[in-house]
file structure14.cif (mmCIF, C-alpha atoms)
data_target
#
loop_
_atom_site.label_atom_id
_atom_site.label_comp_id
_atom_site.auth_asym_id
_atom_site.auth_seq_id
_atom_site.Cartn_x
_atom_site.Cartn_y
_atom_site.Cartn_z
CA SER A 46 -82.68 21.43 98.91
CA SER A 47 -83.39 18.94 96.13
CA SER A 48 -80.10 17.15 96.82
CA SER A 49 -80.95 16.99 100.52
CA SER A 50 -84.35 15.54 99.67
CA SER A 51 -82.74 12.96 97.39
CA SER A 52 -80.28 11.93 100.12
CA SER A 53 -83.09 11.51 102.65
CA SER A 54 -85.09 9.45 100.16
CA ALA A 55 -82.09 7.22 99.41
CA ALA A 56 -81.41 6.70 103.11
CA ALA A 57 -85.04 5.76 103.74
CA SER A 58 -84.98 3.35 100.81
CA PHE A 59 -81.77 1.74 102.10
CA GLU A 60 -83.20 1.28 105.59
CA SER A 61 -86.43 -0.20 104.24
CA SER A 62 -84.46 -2.58 102.02
CA TRP A 63 -82.19 -4.07 104.68
CA ARG A 64 -84.97 -4.28 107.23
CA ALA A 65 -87.08 -6.25 104.77
CA ARG A 66 -84.18 -8.60 104.06
CA CYS A 67 -83.47 -9.07 107.76
CA ALA A 68 -87.13 -9.84 108.34
CA ALA A 69 -87.14 -12.44 105.60
CA LEU A 70 -83.95 -14.06 106.93
CA ALA A 71 -85.24 -14.14 110.50
CA ALA A 72 -88.53 -15.65 109.41
CA ALA A 73 -86.72 -18.35 107.43
CA VAL A 74 -84.47 -19.18 110.38
CA ALA A 75 -87.49 -19.29 112.67
CA VAL A 76 -89.32 -21.78 110.49
CA THR A 77 -86.21 -23.98 110.28
CA SER A 78 -85.66 -23.79 114.03
CA SER A 79 -89.26 -24.68 114.73
CA SER A 80 -88.75 -28.10 113.17
CA VAL A 81 -85.46 -28.66 115.00
CA ALA A 82 -86.78 -27.49 118.37
CA ALA A 83 -90.21 -29.06 118.04
CA PRO A 84 -90.10 -30.67 121.50
CA PHE A 85 -89.64 -27.22 123.03
CA LEU A 86 -91.85 -24.96 120.90
CA LEU A 87 -94.44 -26.05 118.36
CA ALA A 88 -95.12 -22.67 116.77
CA PRO A 89 -92.54 -19.99 117.58
CA PRO A 90 -93.79 -16.39 117.51
CA ALA A 91 -91.12 -15.54 114.93
CA ALA A 92 -92.88 -17.77 112.40
CA ARG A 93 -96.03 -15.61 112.33
CA ALA A 94 -97.09 -14.25 108.96
CA ASP A 95 -96.92 -10.63 110.14
CA TYR A 96 -93.50 -10.97 111.74
CA GLY A 97 -91.67 -9.31 108.85
CA GLU A 98 -93.83 -6.22 109.20
CA GLU A 99 -93.13 -6.05 112.93
CA LEU A 100 -89.37 -6.13 112.35
CA GLN A 101 -89.56 -3.25 109.92
CA ALA A 102 -91.32 -1.09 112.50
CA PRO A 103 -89.30 0.75 115.17
CA SER A 104 -88.83 -0.90 118.55
CA ILE A 105 -91.53 -0.15 121.13
CA MET A 106 -88.71 0.76 123.53
CA ASN A 107 -87.97 4.08 121.80
CA LEU A 108 -84.30 3.19 121.55
CA LYS A 109 -81.77 5.87 120.65
CA LEU A 110 -79.65 4.05 118.09
CA LYS A 111 -76.50 4.79 116.15
CA PRO A 112 -76.89 4.80 112.35
CA ARG A 113 -76.62 1.32 110.87
CA GLU A 114 -73.57 1.05 108.64
CA GLN A 115 -74.03 -2.45 107.19
CA GLU A 116 -77.09 -3.92 105.54
CA VAL A 117 -76.07 -7.47 106.39
CA ILE A 118 -74.15 -8.23 109.59
CA LEU A 119 -72.65 -11.70 109.44
CA GLU A 120 -70.04 -12.30 112.15
CA THR A 121 -69.95 -16.08 112.54
CA LYS A 122 -67.13 -17.24 114.88
CA ALA A 123 -65.93 -13.65 115.26
CA GLU A 124 -64.07 -12.42 118.34
CA HIS A 125 -65.45 -9.29 119.98
CA VAL A 126 -64.30 -9.43 123.60
CA ASN A 127 -65.20 -6.44 125.80
CA GLU A 128 -66.34 -4.39 122.80
CA ASP A 129 -68.91 -1.60 122.73
CA PHE A 130 -72.07 -2.45 120.77
CA SER A 131 -74.30 -0.23 122.90
CA HIS A 132 -77.22 1.55 121.21
CA SER A 133 -76.62 -0.33 117.98
CA ASP A 134 -79.15 -1.32 115.34
CA LEU A 135 -78.49 -5.08 115.15
CA VAL A 136 -81.85 -6.30 113.90
CA GLY A 137 -81.30 -9.71 112.29
CA ALA A 138 -77.53 -9.58 112.89
CA ILE A 139 -75.72 -12.93 113.03
CA TYR A 140 -73.04 -13.59 115.68
CA THR A 141 -73.25 -17.38 115.84
CA GLU A 142 -70.44 -19.15 117.72
CA GLY A 143 -68.75 -15.82 118.41
CA ASP A 144 -66.69 -14.88 121.46
CA LEU A 145 -68.54 -11.86 122.84
CA ARG A 146 -67.65 -12.13 126.50
CA GLY A 147 -67.91 -8.92 128.49
CA SER A 148 -69.23 -6.87 125.56
CA ASP A 149 -71.81 -4.09 125.91
CA PHE A 150 -75.09 -4.44 123.97
CA SER A 151 -77.10 -2.16 126.25
CA GLY A 152 -79.89 -0.13 124.68
CA SER A 153 -79.56 -1.99 121.37
CA ASP A 154 -82.16 -3.32 118.94
CA LEU A 155 -81.45 -7.06 118.88
CA ARG A 156 -84.77 -8.25 117.50
CA ALA A 157 -84.33 -11.52 115.60
CA ALA A 158 -80.55 -11.34 116.08
CA ILE A 159 -78.88 -14.75 116.06
CA PHE A 160 -76.30 -15.56 118.76
CA SER A 161 -76.61 -19.35 118.69
CA ARG A 162 -73.69 -21.13 120.44
CA ALA A 163 -71.95 -17.85 121.25
CA ILE A 164 -69.80 -17.30 124.34
CA MET A 165 -71.33 -14.32 126.18
CA PRO A 166 -70.63 -14.42 129.93
CA GLY A 167 -70.88 -11.07 131.65
CA VAL A 168 -72.36 -9.22 128.66
CA ASN A 169 -74.43 -6.10 129.25
CA LEU A 170 -77.84 -6.36 127.55
CA GLU A 171 -79.64 -3.89 129.80
CA GLY A 172 -82.54 -2.09 128.14
CA SER A 173 -82.25 -3.97 124.85
CA ASP A 174 -85.08 -5.16 122.63
CA MET A 175 -84.40 -8.89 122.20
CA GLN A 176 -87.75 -10.02 120.89
CA ASN A 177 -87.51 -13.30 118.98
CA ALA A 178 -83.71 -13.35 119.22
CA PHE A 179 -81.91 -16.70 119.03
CA LEU A 180 -79.68 -17.33 122.05
CA ASP A 181 -79.77 -21.12 122.09
CA TYR A 182 -76.75 -23.02 123.45
CA VAL A 183 -75.26 -19.70 124.61
CA VAL A 184 -73.17 -19.06 127.74
CA LEU A 185 -74.81 -16.01 129.34
CA ARG A 186 -73.71 -16.56 132.92
CA GLY A 187 -73.54 -13.32 134.89
CA ALA A 188 -75.13 -11.23 132.13
CA ASN A 189 -77.06 -8.04 132.82
CA MET A 190 -80.55 -8.37 131.31
CA ARG A 191 -82.30 -5.70 133.35
CA GLY A 192 -85.29 -4.19 131.58
CA VAL A 193 -84.94 -6.21 128.37
CA ILE A 194 -87.87 -7.39 126.28
CA ALA A 195 -87.01 -10.98 125.37
CA SER A 196 -90.48 -12.16 124.41
CA GLY A 197 -90.40 -15.06 121.98
CA ALA A 198 -86.61 -15.41 122.32
CA ASN A 199 -85.01 -18.85 122.20
CA PHE A 200 -82.74 -19.76 125.15
CA VAL A 201 -82.77 -23.54 124.69
CA ARG A 202 -79.82 -25.24 126.44
CA SER A 203 -78.27 -21.91 127.43
CA ASP A 204 -76.45 -21.14 130.68
CA LEU A 205 -78.44 -18.41 132.45
CA GLY A 206 -76.82 -18.70 135.86
CA ASP A 207 -76.48 -15.49 137.92
CA VAL A 208 -78.24 -13.42 135.24
CA ASP A 209 -79.95 -10.22 136.46
CA VAL A 210 -83.46 -10.19 134.95
CA THR A 211 -85.01 -7.37 136.99
CA ASN A 212 -87.88 -5.72 135.07
CA ALA A 213 -87.37 -8.05 132.08
CA ASP A 214 -90.16 -9.53 129.95
CA PHE A 215 -89.78 -13.17 128.86
CA THR A 216 -93.31 -13.73 127.55
CA GLU A 217 -93.37 -16.87 125.35
CA ALA A 218 -89.57 -17.16 125.51
CA VAL A 219 -88.23 -20.72 125.29
CA ILE A 220 -86.17 -21.45 128.40
CA ASP A 221 -85.18 -24.81 129.87
CA ARG A 222 -87.17 -25.47 133.03
CA TYR A 223 -84.22 -25.73 135.40
CA GLN A 224 -82.76 -22.47 134.04
CA ALA A 225 -86.10 -20.71 134.43
CA ILE A 226 -86.24 -21.85 138.06
CA GLN A 227 -82.82 -20.29 138.67
CA LEU A 228 -83.94 -17.03 137.07
CA CYS A 229 -87.05 -17.00 139.27
CA ASP A 230 -84.86 -17.01 142.37
CA GLY A 231 -83.87 -13.42 141.68
CA ALA A 232 -86.65 -12.25 139.33
CA SER A 233 -88.62 -9.14 140.26
CA GLY A 234 -90.17 -6.01 138.83
CA VAL A 235 -92.32 -5.02 135.87
CA ASN A 236 -91.18 -4.12 132.36
CA GLU A 237 -91.87 -0.43 131.81
CA PHE A 238 -92.74 -0.82 128.12
CA THR A 239 -94.94 -3.92 128.13
CA GLY A 240 -96.29 -3.69 131.66
CA VAL A 241 -95.55 -7.39 132.13
CA ASP A 242 -94.48 -8.71 135.51
CA THR A 243 -91.10 -10.46 135.21
CA ARG A 244 -92.06 -13.41 137.39
CA ASP A 245 -95.32 -13.88 135.49
CA SER A 246 -93.48 -13.90 132.17
CA LEU A 247 -91.20 -16.67 133.48
CA GLY A 248 -94.10 -18.64 134.93
CA CYS A 249 -92.41 -18.65 138.34
CA ASP A 250 -95.55 -19.56 140.28
CA ARG A 251 -95.94 -22.73 138.20
CA LEU A 252 -92.33 -23.85 138.46
CA LYS A 253 -91.18 -26.11 141.26
CA ARG A 254 -87.81 -27.63 141.97
CA TYR A 255 -87.58 -31.40 141.70
CA GLU A 256 -87.66 -32.76 145.21
CA GLY A 257 -86.70 -36.29 144.31
CA PHE A 258 -88.30 -39.68 144.85
CA ASN A 259 -89.04 -40.84 148.40
CA LYS A 260 -88.29 -37.44 149.96
CA GLU A 261 -89.35 -38.77 153.37
CA ASN A 262 -86.41 -41.22 153.10
CA ASP A 263 -88.60 -44.19 153.97
CA LYS A 264 -87.19 -47.66 153.49
CA VAL A 265 -88.45 -49.33 150.34
CA LYS A 266 -90.07 -52.61 151.16
CA VAL A 267 -89.47 -55.49 148.76
CA SER A 268 -91.43 -58.74 148.86
CA LYS A 269 -91.91 -61.76 146.66
CA GLU A 270 -95.10 -60.20 145.34
CA SER A 271 -93.35 -56.99 144.26
CA GLY A 272 -91.74 -58.35 141.11
CA THR A 273 -89.19 -60.80 139.77
CA TRP A 274 -86.35 -59.50 141.94
CA GLY A 275 -84.67 -62.00 144.24
CA GLY A 276 -86.86 -64.92 145.11
CA GLY A 277 -89.98 -63.47 143.52
CA LYS A 278 -92.10 -65.13 140.92
#

call {"tool": "encode", "arguments": {"input": "structure14.cif", "output": "structure tokens"}}
result
Amino acid sequence: SSSSSSSSSAAASFESSWRARCAALAAAVAVTSSSVAAPFLLAPPAARADYGEELQAPSIMNLKLKPREQEVILETKAEHVNEDFSHSDLVGAIYTEGDLRGSDFSGSDLRAAIFSRAIMPGVNLEGSDMQNAFLDYVVLRGANMRGVIASGANFVRSDLGDVDVTNADFTEAVIDRYQAIQLCDGASGVNEFTGVDTRDSLGCDRLKRYEGFNKENDKVKVSKESGTWGGGK
């Protein structure tokens, strides 16, 4: 029984260690990104002082995860097409510039994971915890994001066309305005864990499509008094 106790203690120590390191890495990346993406977000949620503690706590989604096998997951420019990552513990994992098209990340813990510039069309993210994840400059067209919590996530300059966001929570997520408008076209439901309305989290009621100048198509009148054009002053 003593050996069993020692094994459990070692496992707990290992988990605490890598979670702490992931939290520190994510916080550092968040602070760096905040200066780069200043026009989009002045103080990202991931830069909060208590963020490391939040990452070390279990997801509020009660995810059933496979045991984590690696302390540090660094897969920059890796190719994982149509692979199964479902129910994986990928907190703080790095898949920047990877080819992940068609892969399954459903039911996974993706908090603070970094997918910047990855190719991810058609991926399955249903039921994943994506809080404060980095998905900037990512191709996510046609992805399944039903029921995800993506609060505080960064989607700057990403392609979110035809993404299913039913019951998703995007509170304080950074999304380009025109992409958010597209998401609102099909957004509906309430996230079962946060109780947040999907459309409210996207700010759909405040978003309007650009209707263009002179939408009544009136002729623009030009006179000498209107400027220096032509025979004006």

call {"tool": "resolve_selection", "arguments": {"input": "structure14.cif", "expression": "the PyMOL selection byres ((chain A and resi 213) around 9)", "output": "number ranges by chain"}}
result
A: 172, 190-195, 209-212, 214-215, 232-237, 241-244, 246

call {"tool": "atom_distance", "arguments": {"input": "structure14.cif", "atom1": "atom CA of A:Asp144", "atom2": "atom CA of A:Val126"}}
result
6.3 Å

call {"tool": "resolve_selection", "arguments": {"input": "structure14.cif", "expression": "the PyMOL selection byres ((chain A and resi 131) around 7)", "output": "list in words"}}
result
Asp129, Phe130, His132, Ser133, Asp149, Phe150, Ser151, Gly152 and Ser153 of chain A

call {"tool": "residues_around", "arguments": {"input": "structure14.cif", "residues": "A:Glu128", "least_positions_apart": "5", "cutoff": "10 Å", "atoms": "only C-alpha atoms", "output": "ChimeraX atom specification"}}
result
/A:145-150,168

call {"tool": "resolve_selection", "arguments": {"input": "structure14.cif", "expression": "the PyMOL selection byres ((chain A and resi 155) around 12)", "output": "PyMOL selection string"}}
result
chain A and resi 67+71+100+103-104+106+108+110+118+130-140+150-154+156-160+170-180+193-196+198

call {"tool": "closest_residue", "arguments": {"input": "structure14.cif", "among": "A:Leu119, A:Leu247, A:Ala188, A:Leu252", "to": "A:Val219", "atoms": "all atoms listed in the file"}}
result
A:Leu247

call {"tool": "atom_distance", "arguments": {"input": "structure14.cif", "atom1": "atom CA of A:Asn127", "atom2": "atom CA of A:Leu185"}}
result
14.0 Å

call {"tool": "atom_distance", "arguments": {"input": "structure14.cif", "atom1": "atom CA of A:Gly197", "atom2": "atom CA of A:Asp245"}}
result
14.4 Å

call {"tool": "closest_residue", "arguments": {"input": "structure14.cif", "among": "A:Thr239, A:Ile164, A:Asp221, A:Gly231", "to": "A:Asp207", "atoms": "all atoms listed in the file"}}
result
A:Gly231

call {"tool": "closest_residue", "arguments": {"input": "structure14.cif", "among": "A:Gln101, A:Ser161, A:Gln224, A:Asn199", "to": "A:Lys122", "atoms": "all atoms listed in the file"}}
result
A:Ser161

call {"tool": "residues_around", "arguments": {"input": "structure14.cif", "residues": "A:Val184", "least_positions_apart": "6", "cutoff": "6 Å", "atoms": "all atoms listed in the file", "output": "list of chain:residue names"}}
result
A:Ile164, A:Met165, A:Pro166, A:Ser203, A:Asp204
